[in-house]
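Text of model-v6.cif (mmCIF, N, CA and C atoms) as supplied:
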data_my_file
loop_
_atom_site.label_atom_id
_atom_site.label_comp_id
_atom_site.auth_asym_id
_atom_site.auth_seq_id
_atom_site.Cartn_x
_atom_site.Cartn_y
_atom_site.Cartn_z
N MET A 7 -9.30 29.66 -7.27
CA MET A 7 -10.66 29.17 -7.17
C MET A 7 -10.67 27.66 -7.35
N MET A 8 -11.65 27.03 -6.73
CA MET A 8 -11.78 25.58 -6.81
C MET A 8 -13.13 25.22 -7.44
N LEU A 9 -13.09 24.29 -8.37
CA LEU A 9 -14.33 23.75 -8.91
C LEU A 9 -14.78 22.64 -7.98
N ARG A 10 -16.06 22.46 -7.91
CA ARG A 10 -16.63 21.39 -7.09
C ARG A 10 -17.59 20.60 -7.96
N ALA A 11 -17.47 19.29 -7.88
CA ALA A 11 -18.32 18.41 -8.69
C ALA A 11 -18.84 17.28 -7.82
N ARG A 12 -19.95 16.72 -8.24
CA ARG A 12 -20.48 15.52 -7.59
C ARG A 12 -20.45 14.42 -8.64
N ILE A 13 -19.80 13.33 -8.28
CA ILE A 13 -19.67 12.19 -9.19
C ILE A 13 -20.37 11.00 -8.56
N LEU A 14 -21.14 10.29 -9.34
CA LEU A 14 -21.79 9.07 -8.87
C LEU A 14 -20.93 7.89 -9.29
N ALA A 15 -20.44 7.15 -8.32
CA ALA A 15 -19.57 6.02 -8.62
C ALA A 15 -20.24 5.06 -9.59
N GLU A 16 -21.54 4.87 -9.46
CA GLU A 16 -22.27 3.94 -10.32
C GLU A 16 -22.33 4.40 -11.77
N SER A 17 -22.05 5.66 -12.02
CA SER A 17 -22.09 6.18 -13.38
C SER A 17 -20.83 5.83 -14.18
N LEU A 18 -19.80 5.36 -13.50
CA LEU A 18 -18.54 5.07 -14.18
C LEU A 18 -18.55 3.66 -14.75
N ARG A 19 -17.98 3.53 -15.96
CA ARG A 19 -17.88 2.22 -16.59
C ARG A 19 -17.02 1.29 -15.75
N PRO A 20 -17.31 0.00 -15.72
CA PRO A 20 -16.41 -0.94 -15.06
C PRO A 20 -15.02 -0.85 -15.70
N GLY A 21 -14.01 -0.76 -14.90
CA GLY A 21 -12.64 -0.67 -15.39
C GLY A 21 -12.17 0.75 -15.67
N ALA A 22 -13.09 1.71 -15.63
CA ALA A 22 -12.71 3.10 -15.89
C ALA A 22 -11.89 3.64 -14.72
N VAL A 23 -10.91 4.45 -15.05
CA VAL A 23 -10.07 5.10 -14.04
C VAL A 23 -10.23 6.60 -14.23
N LEU A 24 -10.59 7.28 -13.17
CA LEU A 24 -10.72 8.74 -13.20
C LEU A 24 -9.50 9.31 -12.50
N GLU A 25 -8.60 9.86 -13.30
CA GLU A 25 -7.34 10.35 -12.77
C GLU A 25 -7.09 11.77 -13.29
N VAL A 26 -7.16 12.74 -12.38
CA VAL A 26 -6.96 14.15 -12.71
C VAL A 26 -6.03 14.72 -11.65
N PRO A 27 -4.92 15.33 -12.06
CA PRO A 27 -4.03 15.92 -11.06
C PRO A 27 -4.77 16.92 -10.16
N ASP A 28 -4.47 16.89 -8.90
CA ASP A 28 -5.02 17.81 -7.90
C ASP A 28 -6.49 17.58 -7.58
N LEU A 29 -7.09 16.51 -8.09
CA LEU A 29 -8.48 16.19 -7.76
C LEU A 29 -8.49 15.51 -6.40
N ARG A 30 -9.37 15.99 -5.53
CA ARG A 30 -9.46 15.35 -4.21
C ARG A 30 -10.91 15.12 -3.84
N VAL A 31 -11.15 14.03 -3.13
CA VAL A 31 -12.48 13.72 -2.64
C VAL A 31 -12.68 14.49 -1.34
N ALA A 32 -13.71 15.32 -1.30
CA ALA A 32 -14.01 16.12 -0.12
C ALA A 32 -15.04 15.41 0.78
N ARG A 33 -15.90 14.60 0.14
CA ARG A 33 -16.96 13.91 0.89
C ARG A 33 -17.45 12.73 0.06
N MET A 34 -17.81 11.64 0.74
CA MET A 34 -18.33 10.47 0.05
C MET A 34 -19.40 9.84 0.94
N TRP A 35 -20.53 9.41 0.32
CA TRP A 35 -21.58 8.76 1.07
C TRP A 35 -22.45 7.93 0.13
N ARG A 36 -23.29 7.08 0.72
CA ARG A 36 -24.22 6.26 -0.04
C ARG A 36 -25.63 6.75 0.27
N GLU A 37 -26.49 6.67 -0.76
CA GLU A 37 -27.84 7.18 -0.59
C GLU A 37 -28.84 6.29 -1.33
N ASP A 38 -29.97 6.03 -0.67
CA ASP A 38 -31.06 5.29 -1.30
C ASP A 38 -31.83 6.27 -2.19
N VAL A 39 -31.80 6.02 -3.48
CA VAL A 39 -32.49 6.88 -4.45
C VAL A 39 -33.56 6.09 -5.20
N SER A 40 -34.03 5.02 -4.58
CA SER A 40 -34.97 4.13 -5.26
C SER A 40 -36.22 4.87 -5.76
N ALA A 41 -36.60 5.96 -5.11
CA ALA A 41 -37.77 6.71 -5.54
C ALA A 41 -37.51 7.53 -6.80
N SER A 42 -36.23 7.79 -7.12
CA SER A 42 -35.95 8.65 -8.27
C SER A 42 -34.96 8.06 -9.28
N ALA A 43 -34.47 6.86 -9.03
CA ALA A 43 -33.54 6.23 -9.98
C ALA A 43 -34.27 5.97 -11.31
N GLY A 44 -33.54 6.18 -12.38
CA GLY A 44 -34.11 5.93 -13.70
C GLY A 44 -34.01 4.47 -14.09
N PRO A 45 -34.61 4.10 -15.21
CA PRO A 45 -34.51 2.72 -15.69
C PRO A 45 -33.05 2.31 -15.87
N GLY A 46 -32.70 1.16 -15.37
CA GLY A 46 -31.33 0.66 -15.50
C GLY A 46 -30.37 1.25 -14.49
N GLN A 47 -30.85 2.15 -13.62
CA GLN A 47 -30.00 2.72 -12.59
C GLN A 47 -30.26 1.99 -11.27
N PRO A 48 -29.20 1.75 -10.48
CA PRO A 48 -29.38 1.04 -9.22
C PRO A 48 -30.12 1.91 -8.20
N PRO A 49 -30.75 1.27 -7.21
CA PRO A 49 -31.53 2.01 -6.21
C PRO A 49 -30.69 2.71 -5.13
N VAL A 50 -29.41 2.35 -5.03
CA VAL A 50 -28.52 2.98 -4.06
C VAL A 50 -27.31 3.51 -4.81
N TRP A 51 -26.97 4.78 -4.56
CA TRP A 51 -25.85 5.42 -5.24
C TRP A 51 -24.75 5.77 -4.26
N THR A 52 -23.51 5.74 -4.74
CA THR A 52 -22.35 6.21 -4.00
C THR A 52 -21.99 7.57 -4.58
N LEU A 53 -22.10 8.59 -3.77
CA LEU A 53 -21.85 9.97 -4.22
C LEU A 53 -20.50 10.44 -3.71
N LEU A 54 -19.75 11.07 -4.59
CA LEU A 54 -18.45 11.64 -4.22
C LEU A 54 -18.45 13.12 -4.57
N ASP A 55 -18.27 13.96 -3.58
CA ASP A 55 -18.06 15.38 -3.83
C ASP A 55 -16.56 15.56 -3.98
N VAL A 56 -16.15 16.11 -5.12
CA VAL A 56 -14.73 16.29 -5.40
C VAL A 56 -14.44 17.76 -5.65
N GLU A 57 -13.17 18.11 -5.48
CA GLU A 57 -12.70 19.47 -5.71
C GLU A 57 -11.40 19.42 -6.48
N ALA A 58 -11.19 20.46 -7.27
CA ALA A 58 -9.93 20.61 -8.02
C ALA A 58 -9.77 22.09 -8.36
N PRO A 59 -8.55 22.52 -8.62
CA PRO A 59 -8.36 23.90 -9.07
C PRO A 59 -9.13 24.14 -10.38
N ASP A 60 -9.65 25.34 -10.54
CA ASP A 60 -10.42 25.68 -11.75
C ASP A 60 -9.68 25.32 -13.04
N GLU A 61 -8.36 25.47 -13.05
CA GLU A 61 -7.61 25.21 -14.28
C GLU A 61 -7.62 23.74 -14.68
N ARG A 62 -8.14 22.87 -13.83
CA ARG A 62 -8.25 21.44 -14.15
C ARG A 62 -9.61 21.09 -14.75
N ALA A 63 -10.46 22.08 -14.99
CA ALA A 63 -11.81 21.82 -15.47
C ALA A 63 -11.82 21.03 -16.78
N GLY A 64 -11.00 21.41 -17.73
CA GLY A 64 -10.96 20.70 -19.01
C GLY A 64 -10.50 19.26 -18.84
N GLU A 65 -9.50 19.06 -18.00
CA GLU A 65 -9.00 17.70 -17.76
C GLU A 65 -10.07 16.85 -17.07
N LEU A 66 -10.78 17.45 -16.10
CA LEU A 66 -11.84 16.70 -15.42
C LEU A 66 -12.95 16.35 -16.40
N ALA A 67 -13.36 17.30 -17.24
CA ALA A 67 -14.41 17.03 -18.22
C ALA A 67 -13.99 15.91 -19.17
N ASP A 68 -12.75 15.96 -19.65
CA ASP A 68 -12.26 14.91 -20.55
C ASP A 68 -12.21 13.55 -19.86
N ALA A 69 -11.72 13.54 -18.62
CA ALA A 69 -11.62 12.28 -17.87
C ALA A 69 -13.00 11.69 -17.61
N LEU A 70 -13.96 12.54 -17.23
CA LEU A 70 -15.31 12.05 -17.00
C LEU A 70 -15.95 11.54 -18.29
N ALA A 71 -15.77 12.27 -19.40
CA ALA A 71 -16.34 11.83 -20.68
C ALA A 71 -15.81 10.46 -21.08
N ALA A 72 -14.57 10.17 -20.72
CA ALA A 72 -13.97 8.87 -21.03
C ALA A 72 -14.40 7.79 -20.05
N ALA A 73 -14.86 8.18 -18.85
CA ALA A 73 -15.15 7.20 -17.80
C ALA A 73 -16.64 6.92 -17.60
N ILE A 74 -17.51 7.87 -17.93
CA ILE A 74 -18.94 7.68 -17.69
C ILE A 74 -19.50 6.62 -18.64
N SER A 75 -20.35 5.78 -18.10
CA SER A 75 -20.99 4.73 -18.89
C SER A 75 -21.99 5.33 -19.87
N ALA A 76 -22.01 4.79 -21.07
CA ALA A 76 -22.98 5.21 -22.08
C ALA A 76 -24.35 4.60 -21.81
N GLU A 77 -24.41 3.62 -20.95
CA GLU A 77 -25.67 2.95 -20.61
C GLU A 77 -26.22 3.53 -19.31
N GLY A 78 -27.52 3.73 -19.23
CA GLY A 78 -28.14 4.14 -17.98
C GLY A 78 -28.46 5.61 -17.87
N GLY A 79 -28.17 6.40 -18.88
CA GLY A 79 -28.53 7.81 -18.83
C GLY A 79 -27.76 8.61 -17.81
N TRP A 80 -26.46 8.38 -17.71
CA TRP A 80 -25.64 9.05 -16.71
C TRP A 80 -25.02 10.34 -17.23
N TYR A 81 -24.77 11.26 -16.33
CA TYR A 81 -24.00 12.48 -16.61
C TYR A 81 -23.39 12.97 -15.31
N ALA A 82 -22.47 13.89 -15.41
CA ALA A 82 -21.91 14.60 -14.26
C ALA A 82 -21.89 16.07 -14.63
N ASP A 83 -21.96 16.92 -13.63
CA ASP A 83 -21.89 18.35 -13.93
C ASP A 83 -21.17 19.07 -12.81
N PHE A 84 -20.61 20.23 -13.19
CA PHE A 84 -19.94 21.08 -12.21
C PHE A 84 -19.86 22.50 -12.73
N ARG A 85 -19.56 23.40 -11.81
CA ARG A 85 -19.41 24.82 -12.16
C ARG A 85 -17.95 25.20 -12.06
N VAL A 86 -17.54 26.04 -12.98
CA VAL A 86 -16.19 26.60 -12.95
C VAL A 86 -16.32 28.07 -13.35
N GLY A 87 -15.95 28.94 -12.44
CA GLY A 87 -16.15 30.37 -12.69
C GLY A 87 -17.62 30.63 -12.97
N GLY A 88 -17.93 31.34 -14.04
CA GLY A 88 -19.30 31.62 -14.43
C GLY A 88 -19.87 30.61 -15.40
N ASP A 89 -19.17 29.51 -15.59
CA ASP A 89 -19.60 28.48 -16.55
C ASP A 89 -20.16 27.25 -15.85
N HIS A 90 -20.99 26.55 -16.58
CA HIS A 90 -21.52 25.26 -16.14
C HIS A 90 -21.01 24.22 -17.13
N VAL A 91 -20.48 23.13 -16.60
CA VAL A 91 -19.96 22.04 -17.42
C VAL A 91 -20.82 20.81 -17.17
N VAL A 92 -21.33 20.21 -18.23
CA VAL A 92 -22.14 19.00 -18.14
C VAL A 92 -21.47 17.96 -19.02
N VAL A 93 -21.23 16.78 -18.43
CA VAL A 93 -20.45 15.74 -19.11
C VAL A 93 -21.26 14.46 -19.22
N PHE A 94 -21.28 13.92 -20.43
CA PHE A 94 -21.91 12.64 -20.72
C PHE A 94 -20.83 11.70 -21.24
N ALA A 95 -21.17 10.46 -21.45
CA ALA A 95 -20.21 9.51 -22.03
C ALA A 95 -19.76 10.03 -23.39
N GLY A 96 -18.48 10.28 -23.54
CA GLY A 96 -17.92 10.69 -24.82
C GLY A 96 -18.13 12.13 -25.23
N ARG A 97 -18.77 12.94 -24.38
CA ARG A 97 -19.06 14.31 -24.79
C ARG A 97 -19.26 15.22 -23.59
N SER A 98 -18.76 16.44 -23.70
CA SER A 98 -19.00 17.42 -22.64
C SER A 98 -19.43 18.74 -23.26
N PHE A 99 -20.14 19.53 -22.47
CA PHE A 99 -20.64 20.84 -22.87
C PHE A 99 -20.23 21.84 -21.80
N ARG A 100 -19.87 23.04 -22.23
CA ARG A 100 -19.55 24.12 -21.30
C ARG A 100 -20.26 25.38 -21.80
N TYR A 101 -21.05 25.99 -20.93
CA TYR A 101 -21.77 27.19 -21.30
C TYR A 101 -21.84 28.15 -20.12
N ARG A 102 -22.09 29.41 -20.39
CA ARG A 102 -22.22 30.42 -19.34
C ARG A 102 -23.49 30.16 -18.55
N ARG A 103 -23.38 30.20 -17.23
CA ARG A 103 -24.57 30.05 -16.39
C ARG A 103 -25.56 31.15 -16.75
N GLY A 104 -26.82 30.78 -16.85
CA GLY A 104 -27.86 31.72 -17.21
C GLY A 104 -28.15 31.77 -18.70
N ASP A 105 -27.34 31.09 -19.51
CA ASP A 105 -27.55 31.04 -20.96
C ASP A 105 -28.60 29.96 -21.23
N GLU A 106 -29.86 30.36 -21.21
CA GLU A 106 -30.96 29.39 -21.33
C GLU A 106 -30.97 28.63 -22.66
N PRO A 107 -30.69 29.27 -23.82
CA PRO A 107 -30.65 28.48 -25.05
C PRO A 107 -29.56 27.40 -25.01
N ALA A 108 -28.39 27.71 -24.46
CA ALA A 108 -27.33 26.71 -24.36
C ALA A 108 -27.73 25.60 -23.39
N ARG A 109 -28.34 25.97 -22.28
CA ARG A 109 -28.79 24.96 -21.31
C ARG A 109 -29.83 24.06 -21.95
N ALA A 110 -30.78 24.64 -22.70
CA ALA A 110 -31.82 23.85 -23.36
C ALA A 110 -31.21 22.87 -24.36
N HIS A 111 -30.16 23.29 -25.05
CA HIS A 111 -29.46 22.41 -25.99
C HIS A 111 -28.87 21.20 -25.25
N VAL A 112 -28.25 21.45 -24.10
CA VAL A 112 -27.64 20.36 -23.33
C VAL A 112 -28.72 19.46 -22.74
N VAL A 113 -29.81 20.03 -22.27
CA VAL A 113 -30.92 19.21 -21.76
C VAL A 113 -31.45 18.32 -22.89
N GLY A 114 -31.58 18.86 -24.09
CA GLY A 114 -32.03 18.07 -25.23
C GLY A 114 -31.08 16.92 -25.52
N TYR A 115 -29.77 17.21 -25.44
CA TYR A 115 -28.80 16.14 -25.64
C TYR A 115 -28.96 15.08 -24.55
N GLY A 116 -29.14 15.51 -23.31
CA GLY A 116 -29.34 14.56 -22.21
C GLY A 116 -30.53 13.65 -22.47
N ARG A 117 -31.62 14.23 -22.93
CA ARG A 117 -32.80 13.40 -23.27
C ARG A 117 -32.44 12.38 -24.34
N SER A 118 -31.67 12.81 -25.34
CA SER A 118 -31.35 11.93 -26.46
C SER A 118 -30.48 10.74 -26.05
N VAL A 119 -29.77 10.86 -24.93
CA VAL A 119 -28.92 9.75 -24.49
C VAL A 119 -29.53 9.02 -23.29
N GLY A 120 -30.81 9.29 -23.00
CA GLY A 120 -31.53 8.50 -22.02
C GLY A 120 -31.53 8.99 -20.59
N VAL A 121 -31.12 10.23 -20.36
CA VAL A 121 -31.20 10.77 -18.99
C VAL A 121 -32.68 10.93 -18.65
N PRO A 122 -33.14 10.35 -17.54
CA PRO A 122 -34.54 10.51 -17.16
C PRO A 122 -34.90 11.99 -17.00
N GLU A 123 -36.10 12.33 -17.41
CA GLU A 123 -36.54 13.73 -17.41
C GLU A 123 -36.33 14.41 -16.06
N HIS A 124 -36.68 13.73 -14.99
CA HIS A 124 -36.58 14.35 -13.67
C HIS A 124 -35.12 14.52 -13.20
N GLN A 125 -34.17 13.94 -13.93
CA GLN A 125 -32.77 14.11 -13.57
C GLN A 125 -32.10 15.22 -14.40
N LEU A 126 -32.84 15.83 -15.28
CA LEU A 126 -32.30 16.94 -16.10
C LEU A 126 -32.56 18.26 -15.39
N ASP A 127 -32.25 18.30 -14.12
CA ASP A 127 -32.64 19.41 -13.27
C ASP A 127 -31.47 20.24 -12.74
N TRP A 128 -30.31 20.13 -13.39
CA TRP A 128 -29.19 20.92 -12.88
C TRP A 128 -29.50 22.40 -13.00
N ASN A 129 -28.93 23.17 -12.10
CA ASN A 129 -29.11 24.63 -12.13
C ASN A 129 -27.96 25.26 -12.86
N GLY A 130 -28.24 26.28 -13.64
CA GLY A 130 -27.14 26.99 -14.29
C GLY A 130 -27.22 27.01 -15.77
#
Please lay out the structure from this file as C-alpha cells.
Amino acid sequence: MMLRARILAESLRPGAVLEVPDLRVARMWREDVSASAGPGQPPVWTLLDVEAPDERAGELADALAAAISAEGGWYADFRVGGDHVVVFAGRSFRYRRGDEPARAHVVGYGRSVGVPEHQLDWNG
C-alpha cells in the first residue's frame, strides 16, 4: 500500500530538507489561494502530491515535523491504512479515521498553533 500526502512548499522552513527514502512527487502545481489564505500565508501556494510506501509513514511524519514552519499556522496531513496522520511543526498526531474525539483533540491543537479555522477541515 502507498500513503499519499499533499505538502505545501510554502509551509516548509527556509533551509529545511525533506528527505524520506522512497518518497516520490506524483504531481506538483501552483494555485492562487488568496481567497482562503490565512494571516501570514502567501496568496499563491506550490502544492506537491507525494507518495511513499505505508511503512515510511513514521519517517515522513518525523521529517515533516522537523521541516514545517512554526510560523503561519501550517500543517500537513495524510492517510495510512485506517489512520489519519496530521503533522505540525515539531509535533505529529496519528489516530484512527472516524475517531471523532481524537480528531477534535488534533483540531484543538491546530487552533492553538494558529491554523485558520477554515483550514481545519481535513477529513478523517
| request: Please provide the set of residues having any atom within 5 Å of stretch 22-35 of chain A, restricted to all atoms listed in the file, with same-chain residues fewer than 6 positions apart removed, written as a list in words. | output: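 So, after excluding close chain neighbours, the residues are Thr52, Leu53, Leu54, Asp55, Val56, Glu57 and Ala58 of chain A.
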Mind writing the picked residues with N, CA and C atoms as a short mmCIF file (atom, residue, chain, number, x, y, z; two decimals), in the frame of the given file?
data_model
loop_
_atom_site.label_atom_id
_atom_site.label_comp_id
_atom_site.auth_asym_id
_atom_site.auth_seq_id
_atom_site.Cartn_x
_atom_site.Cartn_y
_atom_site.Cartn_z
N THR A 52 -23.51 5.74 -4.74
CA THR A 52 -22.35 6.21 -4.00
C THR A 52 -21.99 7.57 -4.58
N LEU A 53 -22.10 8.59 -3.77
CA LEU A 53 -21.85 9.97 -4.22
C LEU A 53 -20.50 10.44 -3.71
N LEU A 54 -19.75 11.07 -4.59
CA LEU A 54 -18.45 11.64 -4.22
C LEU A 54 -18.45 13.12 -4.57
N ASP A 55 -18.27 13.96 -3.58
CA ASP A 55 -18.06 15.38 -3.83
C ASP A 55 -16.56 15.56 -3.98
N VAL A 56 -16.15 16.11 -5.12
CA VAL A 56 -14.73 16.29 -5.40
C VAL A 56 -14.44 17.76 -5.65
N GLU A 57 -13.17 18.11 -5.48
CA GLU A 57 -12.70 19.47 -5.71
C GLU A 57 -11.40 19.42 -6.48
N ALA A 58 -11.19 20.46 -7.27
CA ALA A 58 -9.93 20.61 -8.02
C ALA A 58 -9.77 22.09 -8.36
#
| task | Compute the distance from (-32.6, 10.8, -18.5) to each atom, counting only C-alpha atoms, keep the residues with any atom at most 12 Å away, and return them as number ranges by chain; use the coordinates of the file. | result | A: 42-47, 76-81, 94, 112-127
| request: Enter the distance from atom N of A:Arg19 to atom CA of A:Ser75, in Å, rounded to one decimal. | output: 4.4 Å
| Between A:Pro59, A:Pro48, A:Gly64, A:Gly88, which is the closest to A:Gly104 once you count only N, CA and C atoms? |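 Nearest to A:Gly104: A:Gly88.
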| request: Tell me which of A:Asp38, A:Val86, A:Trp51, A:Glu65 sits closest to A:Met7, counting only C-alpha atoms. | output: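 Using only C-alpha atoms, the shortest distance to A:Met7 belongs to A:Val86.
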| said: Using DSSP secondary structure from the backbone, list all strand (DSSP E or B) positions within chain A, as a ChimeraX atom specification. | reply: /A:8-14,18,30-38,50-59,74,82-86,89-94,97-102
| Picked residues, the PyMOL selection byres (((chain A and resi 70 and name CA) around 8) and name CA), as a list in words |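 So the PyMOL selection byres (((chain A and resi 70 and name CA) around 8) and name CA), applied here, picks out Leu24, Leu66, Ala67, Asp68, Ala69, Ala71, Ala72, Ala73, Ile74, Ala82, Val93, Phe94 and Ala95 of chain A.
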| request: May I ask for the distance between atom N of A:Asp105 and atom C of A:Glu16, given in Å to one decimal place? | output: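 Atom-to-atom, atom N of A:Asp105 to atom C of A:Glu16, that is 28.2 Å.
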| task | Identify all residues of chain A in alpha helix (DSSP H) (DSSP on the backbone) and supply them as a VMD selection string. | result | chain A and resid 63 to 73 106 to 118
Can you write just those residues out, N, CA and C atoms, as a compact mmCIF listing (two decimals), in the frame of the given file?
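Everything below was put into result.txt:
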# COMPACT_ATOMS: atom_id res chain seq x y z
N ALA A 63 -10.46 22.08 -14.99
CA ALA A 63 -11.81 21.82 -15.47
C ALA A 63 -11.82 21.03 -16.78
N GLY A 64 -11.00 21.41 -17.73
CA GLY A 64 -10.96 20.70 -19.01
C GLY A 64 -10.50 19.26 -18.84
N GLU A 65 -9.50 19.06 -18.00
CA GLU A 65 -9.00 17.70 -17.76
C GLU A 65 -10.07 16.85 -17.07
N LEU A 66 -10.78 17.45 -16.10
CA LEU A 66 -11.84 16.70 -15.42
C LEU A 66 -12.95 16.35 -16.40
N ALA A 67 -13.36 17.30 -17.24
CA ALA A 67 -14.41 17.03 -18.22
C ALA A 67 -13.99 15.91 -19.17
N ASP A 68 -12.75 15.96 -19.65
CA ASP A 68 -12.26 14.91 -20.55
C ASP A 68 -12.21 13.55 -19.86
N ALA A 69 -11.72 13.54 -18.62
CA ALA A 69 -11.62 12.28 -17.87
C ALA A 69 -13.00 11.69 -17.61
N LEU A 70 -13.96 12.54 -17.23
CA LEU A 70 -15.31 12.05 -17.00
C LEU A 70 -15.95 11.54 -18.29
N ALA A 71 -15.77 12.27 -19.40
CA ALA A 71 -16.34 11.83 -20.68
C ALA A 71 -15.81 10.46 -21.08
N ALA A 72 -14.57 10.17 -20.72
CA ALA A 72 -13.97 8.87 -21.03
C ALA A 72 -14.40 7.79 -20.05
N ALA A 73 -14.86 8.18 -18.85
CA ALA A 73 -15.15 7.20 -17.80
C ALA A 73 -16.64 6.92 -17.60
N GLU A 106 -29.86 30.36 -21.21
CA GLU A 106 -30.96 29.39 -21.33
C GLU A 106 -30.97 28.63 -22.66
N PRO A 107 -30.69 29.27 -23.82
CA PRO A 107 -30.65 28.48 -25.05
C PRO A 107 -29.56 27.40 -25.01
N ALA A 108 -28.39 27.71 -24.46
CA ALA A 108 -27.33 26.71 -24.36
C ALA A 108 -27.73 25.60 -23.39
N ARG A 109 -28.34 25.97 -22.28
CA ARG A 109 -28.79 24.96 -21.31
C ARG A 109 -29.83 24.06 -21.95
N ALA A 110 -30.78 24.64 -22.70
CA ALA A 110 -31.82 23.85 -23.36
C ALA A 110 -31.21 22.87 -24.36
N HIS A 111 -30.16 23.29 -25.05
CA HIS A 111 -29.46 22.41 -25.99
C HIS A 111 -28.87 21.20 -25.25
N VAL A 112 -28.25 21.45 -24.10
CA VAL A 112 -27.64 20.36 -23.33
C VAL A 112 -28.72 19.46 -22.74
N VAL A 113 -29.81 20.03 -22.27
CA VAL A 113 -30.92 19.21 -21.76
C VAL A 113 -31.45 18.32 -22.89
N GLY A 114 -31.58 18.86 -24.09
CA GLY A 114 -32.03 18.07 -25.23
C GLY A 114 -31.08 16.92 -25.52
N TYR A 115 -29.77 17.21 -25.44
CA TYR A 115 -28.80 16.14 -25.64
C TYR A 115 -28.96 15.08 -24.55
N GLY A 116 -29.14 15.51 -23.31
CA GLY A 116 -29.34 14.56 -22.21
C GLY A 116 -30.53 13.65 -22.47
N ARG A 117 -31.62 14.23 -22.93
CA ARG A 117 -32.80 13.40 -23.27
C ARG A 117 -32.44 12.38 -24.34
N SER A 118 -31.67 12.81 -25.34
CA SER A 118 -31.35 11.93 -26.46
C SER A 118 -30.48 10.74 -26.05
| said: Since I can't run it myself right now, could you work out what the PyMOL selection byres ((chain A and resi 101) around 6) selects here and report it as a list in words? | reply: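 Going through the file, the PyMOL selection byres ((chain A and resi 101) around 6) ends up selecting Gly88, Asp89, His90, Val91, Phe99, Arg100, Arg102 and Arg103 of chain A.
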| task | Please measure the separation of atom CA of A:Glu37 and atom N of A:Val50, giving the value in Å to one decimal. | result | 6.7 Å
Complete the atom set of stretch 52-57 of chain A to all heavy atoms and return it as an mmCIF file, in the frame of the given file.
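Result went into out03.cif, see below:
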data_model
loop_
_atom_site.group_PDB
_atom_site.id
_atom_site.type_symbol
_atom_site.label_atom_id
_atom_site.label_comp_id
_atom_site.auth_asym_id
_atom_site.auth_seq_id
_atom_site.Cartn_x
_atom_site.Cartn_y
_atom_site.Cartn_z
ATOM 1 N N THR A 52 -23.510 5.740 -4.740
ATOM 2 C CA THR A 52 -22.350 6.210 -4.000
ATOM 3 C C THR A 52 -21.990 7.570 -4.580
ATOM 4 O O THR A 52 -21.632 7.665 -5.751
ATOM 5 C CB THR A 52 -21.167 5.233 -4.150
ATOM 6 O OG1 THR A 52 -21.606 3.924 -3.775
ATOM 7 C CG2 THR A 52 -19.991 5.668 -3.290
ATOM 8 N N LEU A 53 -22.100 8.590 -3.770
ATOM 9 C CA LEU A 53 -21.850 9.970 -4.220
ATOM 10 C C LEU A 53 -20.500 10.440 -3.710
ATOM 11 O O LEU A 53 -20.166 10.222 -2.539
ATOM 12 C CB LEU A 53 -22.951 10.902 -3.711
ATOM 13 C CG LEU A 53 -24.345 10.585 -4.245
ATOM 14 C CD1 LEU A 53 -25.076 9.654 -3.317
ATOM 15 C CD2 LEU A 53 -25.118 11.853 -4.425
ATOM 16 N N LEU A 54 -19.750 11.070 -4.590
ATOM 17 C CA LEU A 54 -18.450 11.640 -4.220
ATOM 18 C C LEU A 54 -18.450 13.120 -4.570
ATOM 19 O O LEU A 54 -18.666 13.475 -5.732
ATOM 20 C CB LEU A 54 -17.314 10.953 -4.985
ATOM 21 C CG LEU A 54 -17.117 9.480 -4.689
ATOM 22 C CD1 LEU A 54 -17.795 8.649 -5.746
ATOM 23 C CD2 LEU A 54 -15.657 9.175 -4.624
ATOM 24 N N ASP A 55 -18.270 13.960 -3.580
ATOM 25 C CA ASP A 55 -18.060 15.380 -3.830
ATOM 26 C C ASP A 55 -16.560 15.560 -3.980
ATOM 27 O O ASP A 55 -15.790 15.188 -3.092
ATOM 28 C CB ASP A 55 -18.583 16.230 -2.674
ATOM 29 C CG ASP A 55 -20.093 16.377 -2.694
ATOM 30 O OD1 ASP A 55 -20.719 16.026 -3.716
ATOM 31 O OD2 ASP A 55 -20.646 16.841 -1.694
ATOM 32 N N VAL A 56 -16.150 16.110 -5.120
ATOM 33 C CA VAL A 56 -14.730 16.290 -5.400
ATOM 34 C C VAL A 56 -14.440 17.760 -5.650
ATOM 35 O O VAL A 56 -15.331 18.540 -5.985
ATOM 36 C CB VAL A 56 -14.262 15.437 -6.609
ATOM 37 C CG1 VAL A 56 -14.469 13.946 -6.337
ATOM 38 C CG2 VAL A 56 -14.980 15.847 -7.883
ATOM 39 N N GLU A 57 -13.170 18.110 -5.480
ATOM 40 C CA GLU A 57 -12.700 19.470 -5.710
ATOM 41 C C GLU A 57 -11.400 19.420 -6.480
ATOM 42 O O GLU A 57 -10.627 18.473 -6.355
ATOM 43 C CB GLU A 57 -12.426 20.182 -4.383
ATOM 44 C CG GLU A 57 -13.601 20.296 -3.469
ATOM 45 C CD GLU A 57 -13.247 20.906 -2.123
ATOM 46 O OE1 GLU A 57 -12.066 20.878 -1.713
ATOM 47 O OE2 GLU A 57 -14.176 21.418 -1.485
#
